[in-house]
>>> print(open('final04.txt').read())   # compact mmCIF, C-alpha atoms and all ligand atoms
# COMPACT_ATOMS: atom_id res chain seq x y z
CA MET Z 18 26.51 -42.16 11.18
CA SER Z 19 27.82 -41.95 14.74
CA LEU Z 20 31.55 -41.60 15.36
CA VAL Z 21 31.60 -44.94 17.16
CA GLU Z 22 29.12 -47.62 16.10
CA ALA Z 23 29.28 -51.05 17.69
CA ARG Z 24 26.58 -53.65 17.15
CA GLY Z 25 26.46 -56.94 19.00
CA LEU Z 26 30.14 -56.51 19.83
CA THR Z 27 31.38 -59.76 21.35
CA LYS Z 28 34.74 -61.09 22.45
CA ILE Z 29 35.09 -64.67 23.55
CA PHE Z 30 38.38 -65.79 25.10
CA ARG Z 31 39.33 -69.44 25.30
CA ARG Z 32 40.50 -70.20 28.78
CA PRO Z 33 42.38 -73.32 29.78
CA GLU Z 34 40.38 -75.47 32.16
CA LYS Z 35 42.36 -77.64 34.51
CA ASP Z 36 41.73 -79.54 37.70
CA PRO Z 37 43.38 -78.18 40.85
CA GLY Z 38 46.84 -79.24 42.08
CA LEU Z 39 49.86 -80.84 40.48
CA ARG Z 40 47.80 -83.76 39.20
CA GLY Z 41 45.49 -81.32 37.40
CA SER Z 42 48.48 -79.49 35.86
CA LEU Z 43 50.04 -82.75 34.64
CA LYS Z 44 46.72 -83.95 33.22
CA HIS Z 45 46.33 -80.60 31.46
CA LEU Z 46 49.73 -81.11 29.79
CA VAL Z 47 48.57 -84.26 28.01
CA GLN Z 48 44.87 -83.63 27.68
CA ARG Z 49 44.15 -79.95 27.16
CA ARG Z 50 40.64 -78.70 27.83
CA PHE Z 51 39.39 -75.17 27.20
CA LYS Z 52 36.29 -73.25 28.07
CA ASP Z 53 34.87 -70.24 26.23
CA PHE Z 54 34.56 -67.07 28.25
CA ARG Z 55 32.48 -64.11 27.04
CA ALA Z 56 34.39 -61.01 28.17
CA VAL Z 57 32.25 -58.71 26.02
CA ASP Z 58 28.82 -60.04 25.25
CA GLY Z 59 26.77 -58.39 22.51
CA ILE Z 60 27.38 -54.72 23.27
CA ASP Z 61 25.57 -52.08 21.21
CA LEU Z 62 27.16 -48.67 21.54
CA SER Z 63 26.85 -45.45 19.55
CA ILE Z 64 28.91 -42.40 20.42
CA GLU Z 65 28.33 -39.11 18.62
CA ALA Z 66 31.16 -36.71 17.78
CA GLY Z 67 31.80 -34.36 20.71
CA GLU Z 68 30.32 -36.61 23.39
CA SER Z 69 32.20 -37.50 26.56
CA VAL Z 70 31.32 -40.92 27.88
CA ALA Z 71 32.33 -42.65 31.10
CA TYR Z 72 32.57 -46.41 30.64
CA VAL Z 73 32.38 -48.04 34.04
CA GLY Z 74 31.86 -51.43 35.64
CA PRO Z 75 33.33 -53.69 38.34
CA ASN Z 76 36.69 -55.46 37.92
CA GLY Z 77 36.59 -57.92 35.06
CA ALA Z 78 33.39 -56.42 33.60
CA GLY Z 79 34.95 -56.12 30.14
CA LYS Z 80 35.91 -52.41 30.01
CA SER Z 81 39.49 -52.82 28.81
CA THR Z 82 38.45 -55.55 26.39
CA THR Z 83 35.87 -53.19 24.85
CA ILE Z 84 38.48 -50.43 24.52
CA LYS Z 85 40.86 -52.92 22.89
CA LEU Z 86 38.12 -53.87 20.41
CA LEU Z 87 37.41 -50.21 19.64
CA THR Z 88 41.10 -49.43 19.17
CA GLY Z 89 41.70 -52.48 16.95
CA ILE Z 90 44.12 -54.21 19.37
CA LEU Z 91 41.68 -57.15 19.56
CA VAL Z 92 39.56 -58.71 16.81
CA PRO Z 93 35.90 -59.22 17.75
CA THR Z 94 34.57 -62.78 17.86
CA ALA Z 95 31.20 -61.51 16.65
CA GLY Z 96 29.43 -58.24 15.93
CA THR Z 97 30.58 -55.16 14.08
CA VAL Z 98 32.48 -52.04 15.02
CA ARG Z 99 33.22 -48.85 13.11
CA VAL Z 100 35.11 -45.83 14.39
CA ALA Z 101 34.91 -42.76 12.14
CA GLY Z 102 33.80 -45.12 9.37
CA ALA Z 103 36.84 -47.42 9.67
CA GLU Z 104 36.89 -50.97 10.99
CA PRO Z 105 39.57 -50.70 13.70
CA HIS Z 106 41.16 -54.15 13.40
CA THR Z 107 41.31 -54.19 9.59
CA ASP Z 108 41.83 -50.48 8.73
CA ARG Z 109 44.59 -50.14 11.31
CA VAL Z 110 46.52 -47.26 9.74
CA VAL Z 111 43.42 -45.13 9.08
CA ASN Z 112 42.15 -45.95 12.56
CA ALA Z 113 45.45 -44.97 14.22
CA ARG Z 114 45.12 -41.47 12.75
CA ASN Z 115 41.59 -41.09 14.10
CA ILE Z 116 42.19 -42.19 17.66
CA GLY Z 117 44.34 -41.32 20.66
CA VAL Z 118 44.83 -43.70 23.57
CA LEU Z 119 46.03 -43.09 27.10
CA PHE Z 120 46.54 -45.89 29.58
CA GLY Z 121 46.97 -44.38 33.04
CA GLN Z 122 49.08 -47.30 34.19
CA ARG Z 123 51.36 -47.50 31.15
CA THR Z 124 53.28 -45.01 29.08
CA GLN Z 125 53.61 -44.75 25.34
CA LEU Z 126 56.69 -42.55 25.69
CA TRP Z 127 60.11 -43.99 24.93
CA TRP Z 128 61.47 -44.57 28.41
CA ASP Z 129 65.07 -43.51 27.75
CA LEU Z 130 64.37 -40.55 25.48
CA PRO Z 131 63.59 -36.95 26.39
CA VAL Z 132 59.88 -36.18 25.92
CA ARG Z 133 60.72 -33.89 22.96
CA GLU Z 134 62.25 -36.82 21.07
CA SER Z 135 59.33 -39.14 21.79
CA LEU Z 136 56.97 -36.49 20.44
CA GLY Z 137 59.27 -36.04 17.42
CA LEU Z 138 59.07 -39.77 16.68
CA LEU Z 139 55.28 -39.65 16.92
CA ARG Z 140 55.27 -36.62 14.60
CA ASP Z 141 57.16 -38.68 12.01
CA MET Z 142 54.93 -41.73 12.51
CA TYR Z 143 51.79 -39.65 11.98
CA ASP Z 144 53.49 -37.72 9.16
CA LEU Z 145 52.55 -34.32 10.63
CA SER Z 146 53.67 -31.18 8.80
CA PRO Z 147 56.20 -28.93 10.65
CA ALA Z 148 53.62 -26.11 10.85
CA PHE Z 149 50.91 -28.38 12.27
CA TYR Z 150 53.36 -29.93 14.75
CA LYS Z 151 54.50 -26.51 15.97
CA GLN Z 152 50.96 -25.23 16.40
CA ARG Z 153 49.93 -28.44 18.21
CA LEU Z 154 52.88 -28.26 20.61
CA GLU Z 155 52.00 -24.66 21.42
CA ARG Z 156 48.38 -25.57 22.14
CA LEU Z 157 49.39 -28.58 24.27
CA ASP Z 158 51.88 -26.42 26.14
CA GLU Z 159 49.15 -23.87 26.87
CA VAL Z 160 46.89 -26.43 28.54
CA LEU Z 161 49.34 -29.00 29.86
CA GLY Z 162 52.37 -26.86 30.72
CA LEU Z 163 54.52 -29.01 28.47
CA ALA Z 164 57.55 -26.79 27.85
CA ASP Z 165 59.30 -27.72 31.13
CA LEU Z 166 58.89 -31.42 30.42
CA LEU Z 167 60.25 -31.48 26.86
CA PRO Z 168 63.96 -31.86 27.74
CA VAL Z 169 63.36 -34.45 30.49
CA VAL Z 170 63.94 -38.18 29.92
CA ALA Z 171 60.62 -40.03 30.38
CA ARG Z 172 61.86 -42.29 33.17
CA LYS Z 173 62.79 -39.22 35.25
CA LEU Z 174 59.30 -37.72 35.15
CA SER Z 175 57.05 -37.82 38.21
CA LEU Z 176 53.72 -39.62 37.74
CA GLY Z 177 51.83 -36.34 37.24
CA GLN Z 178 54.41 -35.05 34.76
CA ARG Z 179 54.39 -38.39 32.96
CA MET Z 180 50.62 -38.23 32.62
CA ARG Z 181 50.83 -34.73 31.10
CA ALA Z 182 53.48 -35.86 28.65
CA ASP Z 183 51.46 -38.98 27.80
CA LEU Z 184 48.36 -36.88 27.21
CA ALA Z 185 50.38 -34.75 24.81
CA ALA Z 186 51.57 -37.90 23.02
CA ALA Z 187 48.01 -39.22 22.73
CA LEU Z 188 46.72 -35.90 21.41
CA LEU Z 189 49.56 -34.74 19.19
CA HIS Z 190 47.88 -35.71 15.92
CA GLN Z 191 44.56 -34.15 17.02
CA PRO Z 192 42.56 -37.40 17.02
CA LYS Z 193 38.78 -37.43 16.60
CA ILE Z 194 38.32 -39.64 19.63
CA VAL Z 195 40.47 -40.25 22.68
CA TYR Z 196 40.18 -43.36 24.84
CA LEU Z 197 41.44 -42.81 28.34
CA ASP Z 198 41.90 -45.74 30.68
CA GLU Z 199 42.08 -44.48 34.30
CA PRO Z 200 43.53 -41.08 33.31
CA THR Z 201 43.89 -39.79 36.87
CA ILE Z 202 44.97 -42.94 38.69
CA GLY Z 203 47.63 -42.28 41.34
CA LEU Z 204 47.68 -38.52 40.81
CA ASP Z 205 47.51 -36.09 43.69
CA ILE Z 206 44.51 -33.80 43.95
CA SER Z 207 46.05 -30.74 42.29
CA VAL Z 208 47.36 -32.68 39.28
CA LYS Z 209 44.05 -34.53 39.05
CA ASP Z 210 42.23 -31.19 38.88
CA ARG Z 211 44.57 -30.00 36.18
CA VAL Z 212 44.09 -33.15 34.08
CA ARG Z 213 40.30 -32.93 34.48
CA GLN Z 214 40.36 -29.27 33.53
CA PHE Z 215 42.37 -30.21 30.45
CA LEU Z 216 39.90 -32.95 29.53
CA ARG Z 217 37.07 -30.43 29.79
CA GLU Z 218 38.95 -28.07 27.48
CA LEU Z 219 39.51 -30.92 25.09
CA ARG Z 220 35.79 -31.60 25.11
CA GLU Z 221 35.13 -27.96 24.39
CA ASP Z 222 37.55 -28.18 21.45
CA GLY Z 223 35.16 -30.83 20.05
CA THR Z 224 37.22 -33.95 20.84
CA THR Z 225 35.18 -37.02 21.65
CA LEU Z 226 36.19 -38.73 24.90
CA MET Z 227 35.59 -42.20 26.23
CA LEU Z 228 37.06 -42.90 29.61
CA THR Z 229 37.14 -45.75 32.03
CA THR Z 230 37.67 -44.69 35.59
CA HIS Z 231 37.05 -45.71 39.17
CA ASP Z 232 37.05 -42.06 40.19
CA LEU Z 233 33.70 -40.39 40.66
CA GLY Z 234 35.31 -36.96 40.25
CA ASP Z 235 36.45 -37.83 36.72
CA ILE Z 236 32.93 -38.89 35.82
CA GLU Z 237 31.22 -35.86 37.33
CA ASP Z 238 33.74 -33.34 36.06
CA VAL Z 239 34.28 -34.64 32.56
CA CYS Z 240 31.39 -36.81 31.37
CA GLU Z 241 27.76 -36.13 30.50
CA ARG Z 242 26.93 -39.71 29.75
CA ILE Z 243 27.67 -42.91 31.60
CA VAL Z 244 27.64 -46.45 30.27
CA ILE Z 245 27.70 -49.18 32.90
CA ILE Z 246 28.67 -52.72 32.02
CA ASP Z 247 28.75 -55.87 34.04
CA GLU Z 248 29.76 -59.37 32.97
CA GLY Z 249 30.32 -58.10 29.45
CA ARG Z 250 26.81 -56.68 29.06
CA LYS Z 251 25.53 -53.15 29.08
CA ILE Z 252 23.23 -52.53 32.03
CA PHE Z 253 22.83 -48.76 31.77
CA ASP Z 254 23.45 -46.10 29.15
CA GLY Z 255 22.27 -42.55 29.70
CA PRO Z 256 22.86 -39.20 31.37
CA LEU Z 257 24.36 -39.15 34.85
CA ALA Z 258 21.22 -37.69 36.40
CA GLN Z 259 19.14 -40.51 34.94
CA MET Z 260 21.50 -43.07 36.42
CA LYS Z 261 20.84 -41.63 39.85
CA ASP Z 262 17.14 -41.88 39.21
CA ARG Z 263 17.36 -45.44 38.09
CA PHE Z 264 19.69 -46.89 40.70
CA ALA Z 265 19.72 -44.71 43.81
CA ARG Z 266 17.46 -46.77 46.00
CA VAL Z 267 17.61 -45.21 49.42
CA ARG Z 268 15.95 -41.79 49.86
CA ARG Z 269 15.95 -39.56 52.89
CA MET Z 270 13.20 -37.11 53.82
CA ARG Z 271 13.61 -34.52 56.54
CA LEU Z 272 10.37 -33.23 58.05
CA GLN Z 273 9.49 -30.32 60.32
CA LEU Z 274 6.41 -31.35 62.30
CA ALA Z 275 3.70 -28.96 63.55
CA GLU Z 276 4.10 -30.30 67.12
CA PRO Z 277 6.52 -32.56 69.05
CA THR Z 278 5.77 -36.19 68.18
CA PRO Z 279 7.47 -39.38 69.45
CA VAL Z 280 9.24 -41.19 66.61
CA GLU Z 281 7.70 -44.51 67.77
CA LYS Z 282 4.24 -43.19 66.85
CA LEU Z 283 5.42 -42.39 63.34
CA ALA Z 284 7.34 -45.66 63.04
CA GLU Z 285 4.17 -47.60 63.92
CA ARG Z 286 2.38 -45.92 61.05
CA LEU Z 287 5.34 -46.44 58.67
CA PRO Z 288 6.45 -50.09 58.83
CA ASP Z 289 9.70 -51.04 56.97
CA VAL Z 290 10.87 -47.43 57.15
CA GLU Z 291 13.54 -45.94 59.39
CA VAL Z 292 12.35 -42.96 61.43
CA VAL Z 293 14.97 -41.05 63.42
CA ALA Z 294 14.46 -38.06 65.73
CA GLY Z 295 16.11 -34.83 64.63
CA ASP Z 296 17.87 -32.09 66.61
CA SER Z 297 14.61 -30.70 68.00
CA PRO Z 298 11.42 -32.56 69.14
CA THR Z 299 9.62 -31.38 66.00
CA GLU Z 300 12.21 -32.67 63.53
CA VAL Z 301 12.40 -36.20 62.12
CA THR Z 302 14.29 -37.91 59.31
CA VAL Z 303 12.65 -40.76 57.43
CA THR Z 304 14.83 -43.09 55.35
CA PHE Z 305 12.99 -45.33 52.91
CA ASP Z 306 13.51 -47.64 49.97
CA ARG Z 307 12.26 -45.85 46.88
CA PHE Z 308 11.39 -49.17 45.24
CA THR Z 309 9.03 -50.20 48.02
CA HIS Z 310 7.63 -46.80 49.08
CA THR Z 311 6.88 -43.56 47.29
CA ALA Z 312 7.56 -40.15 48.85
CA GLY Z 313 3.77 -39.58 48.69
CA GLN Z 314 3.10 -42.68 50.82
CA ILE Z 315 5.60 -41.49 53.42
CA ILE Z 316 4.02 -38.03 53.62
CA ALA Z 317 0.50 -39.52 53.83
CA GLY Z 318 1.65 -41.82 56.65
CA VAL Z 319 3.13 -38.92 58.64
CA LEU Z 320 0.05 -36.75 58.04
CA ASP Z 321 -2.12 -39.48 59.61
CA VAL Z 322 -0.24 -38.80 62.86
CA VAL Z 323 0.67 -35.11 62.79
CA GLU Z 324 0.57 -32.00 60.60
CA VAL Z 325 3.73 -31.29 58.64
CA GLY Z 326 5.26 -27.82 58.40
CA GLU Z 327 8.14 -28.23 55.98
CA LEU Z 328 9.75 -31.15 54.25
CA HIS Z 329 12.92 -31.70 52.32
CA LEU Z 330 13.79 -34.69 50.12
CA ASP Z 331 17.57 -35.22 49.97
CA GLU Z 332 19.11 -35.80 46.54
CA PRO Z 333 20.56 -39.29 46.27
CA ALA Z 334 24.33 -39.19 45.95
CA ILE Z 335 25.86 -40.32 42.66
CA GLU Z 336 28.74 -41.55 44.77
CA ASP Z 337 26.53 -44.23 46.34
CA VAL Z 338 25.50 -45.45 42.92
CA VAL Z 339 29.05 -45.53 41.57
CA ARG Z 340 30.22 -47.37 44.67
CA LYS Z 341 27.54 -50.00 43.99
CA VAL Z 342 28.71 -50.26 40.37
CA TYR Z 343 32.21 -51.10 41.52
CA ALA Z 344 31.01 -53.46 44.21
CA GLY Z 345 29.16 -55.34 41.43
CA GLU Z 346 25.83 -54.76 43.18
CA LEU Z 347 23.93 -52.95 40.45
CA LEU Z 348 22.86 -56.05 38.55
CA ARG Z 349 20.70 -56.97 41.49
CA ILE Z 350 18.78 -53.70 41.32
CA PRO Z 351 15.77 -54.03 39.01
CA GLU Z 352 14.05 -51.18 37.15
CA PRO Z 353 11.61 -49.41 39.55
CA GLY Z 354 8.04 -50.48 38.91
CA SER Z 355 9.06 -53.41 36.70
CA ALA Z 356 7.63 -56.91 37.14
CA HIS Z 357 11.13 -57.89 38.17
CA ALA Z 358 11.07 -55.22 40.91
CA ALA Z 359 7.75 -56.59 42.20
CA ASP Z 360 9.23 -60.11 42.21
CA GLU Z 361 12.24 -58.91 44.13
CA ARG Z 362 10.08 -57.10 46.67
CA SER Z 363 8.01 -60.21 47.35
CA ARG Z 364 11.22 -62.25 47.61
CA GLU Z 365 12.67 -59.74 50.07
CA LYS Z 366 9.48 -59.79 52.15
CA ALA Z 367 9.47 -63.62 52.20
N1 LIG C 401 43.61 -62.29 26.83
C1 LIG C 401 42.71 -62.79 27.66
N2 LIG C 401 42.52 -64.12 27.78
C2 LIG C 401 41.59 -64.64 28.62
N3 LIG C 401 40.77 -63.89 29.39
C3 LIG C 401 40.90 -62.56 29.31
C4 LIG C 401 41.88 -61.93 28.46
N4 LIG C 401 41.78 -60.57 28.61
C5 LIG C 401 40.79 -60.36 29.51
N5 LIG C 401 40.28 -61.54 29.92
C6 LIG C 401 39.17 -61.72 30.89
O1 LIG C 401 38.06 -60.99 30.42
C7 LIG C 401 37.35 -60.39 31.52
C8 LIG C 401 37.24 -58.91 31.26
O2 LIG C 401 38.53 -58.32 31.39
P1 LIG C 401 38.77 -56.75 31.23
O3 LIG C 401 40.23 -56.52 31.38
O4 LIG C 401 38.12 -56.29 29.99
O5 LIG C 401 37.98 -56.20 32.48
P2 LIG C 401 37.90 -54.71 33.06
O6 LIG C 401 36.45 -54.38 33.15
O7 LIG C 401 38.77 -53.81 32.28
O8 LIG C 401 38.46 -54.94 34.52
P3 LIG C 401 39.43 -54.02 35.46
O9 LIG C 401 38.56 -52.93 36.04
O10 LIG C 401 39.86 -55.00 36.50
O11 LIG C 401 40.54 -53.53 34.59
C9 LIG C 401 38.14 -60.74 32.77
O12 LIG C 401 37.52 -61.83 33.40
C10 LIG C 401 39.52 -61.12 32.25
O13 LIG C 401 40.11 -62.10 33.07
>>> encode(input="final04.txt", output="structure tokens")
Amino acid sequence: MSLVEARGLTKIFRRPEKDPGLRGSLKHLVQRRFKDFRAVDGIDLSIEAGESVAYVGPNGAGKSTTIKLLTGILVPTAGTVRVAGAEPHTDRVVNARNIGVLFGQRTQLWWDLPVRESLGLLRDMYDLSPAFYKQRLERLDEVLGLADLLPVVARKLSLGQRMRADLAAALLHQPKIVYLDEPTIGLDISVKDRVRQFLRELREDGTTLMLTTHDLGDIEDVCERIVIIDEGRKIFDGPLAQMKDRFARVRRMRLQLAEPTPVEKLAERLPDVEVVAGDSPTEVTVTFDRFTHTAGQIIAGVLDVVEVGELHLDEPAIEDVVRKVYAGELLRIPEPGSAHAADERSREKA
């Protein structure tokens, strides 16, 4: 069985529905109306021990709600969820021992206590033996540079220091899986690098990671797998490289031509494609939509006009794809070659 197993996971919130203005508010006071809203809508998710998964989607996609369902903070409306064999919302104590949680925007440290005392309280809550606690603190100090922070009161820590102390708090009991919500938000580059390096080490130690982030660097540096959700539904689940393949739509080909050729001649032969002259009269760059043209068609079109010496197909940037995810544009991109893609092409042409 996978470490995390969710089947048809669904969370429906009841939202008050009221007409605009004061009149609407007054009416709502006497005659309450509600509407169901599916924040998480039938998600299937399996995560194996040792995996590191980025869980991404535009604002309001349902990321935090999913994490809350997996951590047992929320009870699902429908579907099932098991984490290390336990049902998070019913087996709360067992679940708490198996998981660690870090919310980049909030702290789980006691605000007015030195970090050492917060960690001591967590040690007692998790019932850790003195030997285990000592060995854990040493390990966390090695990777997070914790020693300097231990005597400092949480509210006096800088954001980067607070994040290190919070990571230690989330990891003290050596959980099987750690959920990280925006773990590098607001950190400067050097602290970010340090946190990412630590997350990689954690992964190497065999800890399973699931993180939500808007930061491409976190995804590239820490995760092998990416799950994209939108409007509560999963729209992609696979390796990062595959995501690029599936969603990166615009491709760029740079060609070295056998002889100087006006770009207009090439453009005539390649309608719906952008042809731009390069630095020399024998260089051109062709930008095309991978869903409407293949690289082979582009090369054939150019060869009808002129011989080609060398060509180079640029790798699509993951950054472009992630930007589209956060702009909520991915839903509109159909699977290449699918009937839906053909429909969209004919719609675009029309
Ligand atoms: N307690 C609640 N009651 C009603 N609606 C809620 C509640 N919690 C979340 N929602 C709604 O559910 C949807 C998903 O919210 P969620 O916080 O999971 O999104 P998210 O993907 O984490 O977004 P963000 O990137 O902005 O944090 C949103 O439309 C949000 O308004």
>>> closest_atom_pairs(input="final04.txt", of="chain Z", to="ligand LIG 401 (chain C)", cutoff="7 Å", atoms="all atoms listed in the file", output="Markdown table")
| residue | atom | partner | partner_atom | distance |
| --- | --- | --- | --- | --- |
| Z:Phe30 | CA | C:LIG401 | C2 | 4.9 |
| Z:Arg31 | CA | C:LIG401 | C2 | 6.3 |
| Z:Arg32 | CA | C:LIG401 | C2 | 5.7 |
| Z:Ala56 | CA | C:LIG401 | O1 | 4.3 |
| Z:Gly74 | CA | C:LIG401 | O6 | 6.0 |
| Z:Pro75 | CA | C:LIG401 | O9 | 5.8 |
| Z:Asn76 | CA | C:LIG401 | O10 | 3.5 |
| Z:Gly77 | CA | C:LIG401 | O5 | 3.4 |
| Z:Ala78 | CA | C:LIG401 | O6 | 3.7 |
| Z:Gly79 | CA | C:LIG401 | O4 | 3.2 |
| Z:Lys80 | CA | C:LIG401 | O6 | 3.7 |
| Z:Ser81 | CA | C:LIG401 | O7 | 3.7 |
| Z:Thr82 | CA | C:LIG401 | O4 | 3.7 |
| Z:Thr83 | CA | C:LIG401 | O4 | 6.4 |
>>> atom_distance(input="final04.txt", atom1="atom CA of Z:Leu216", atom2="atom CA of Z:Leu87")
20.0 Å
>>> closest_residue(input="final04.txt", among="Z:Tyr196, Z:Phe120, Z:Tyr150, Z:Phe253", to="Z:Leu226", atoms="only C-alpha atoms")
Z:Tyr196
>>> closest_residue(input="final04.txt", among="Z:Ala185, Z:Leu219, Z:Leu197, Z:Val303", to="Z:Gly162", atoms="all atoms listed in the file")
Z:Ala185
>>> closest_residue(input="final04.txt", among="Z:Met270, Z:His329, Z:Ile64, Z:Val342", to="Z:Ile252", atoms="all atoms listed in the file")
Z:Val342
>>> closest_residue(input="final04.txt", among="Z:Gly121, Z:Pro279, Z:Gly255, Z:Pro37", to="Z:His231", atoms="all atoms listed in the file")
Z:Gly121
>>> atom_distance(input="final04.txt", atom1="atom CA of Z:Arg263", atom2="atom CA of Z:Ala284")
26.9 Å
>>> closest_residue(input="final04.txt", among="Z:Ala71, Z:Phe54, Z:Glu155, Z:Arg99", to="Z:Met18", atoms="only C-alpha atoms")
Z:Arg99
>>> atom_distance(input="final04.txt", atom1="atom CA of Z:Thr88", atom2="atom CA of Z:Pro105")
5.8 Å
>>> closest_residue(input="final04.txt", among="Z:Glu221, Z:Asp254, Z:Glu300, Z:Glu237", to="Z:Glu276", atoms="all atoms listed in the file")
Z:Glu300
>>> residues_around(input="final04.txt", residues="Z:Ile316", least_positions_apart="2", cutoff="12 Å", atoms="only C-alpha atoms", output="number ranges by chain")
Z: 270-274, 283, 286-287, 302-303, 305, 310-314, 318-330
>>> axis_aligned_box(input="final04.txt", around="stretch 132-149 of chain Z", padding_each_side="5 Å", output="lines of an AutoDock Vina configuration file")
center_x = 56.6
center_y = -33.9
center_z = 17.4
size_x = 21.3
size_y = 25.6
size_z = 27.1
>>> residues_around(input="final04.txt", residues="Z:Gly223", least_positions_apart="4", cutoff="10 Å", atoms="all atoms listed in the file", output="list of chain:residue names")
Z:Ala66, Z:Gly67, Z:Glu68, Z:Ser69, Z:Lys193, Z:Ile194, Z:Arg217, Z:Glu218, Z:Leu219
>>> residues_around(input="final04.txt", residues="stretch 166-180 of chain Z", least_positions_apart="5", cutoff="10 Å", atoms="only C-alpha atoms", output="number ranges by chain")
Z: 119-136, 158, 161, 185-186, 200-205, 207-209, 211-212
>>> residues_near_point(input="final04.txt", point="(27.4, -45.4, 15.6)", cutoff="12 Å", atoms="only C-alpha atoms", output="VMD selection string")
chain Z and resid 18 to 24 61 to 66 87 97 to 104
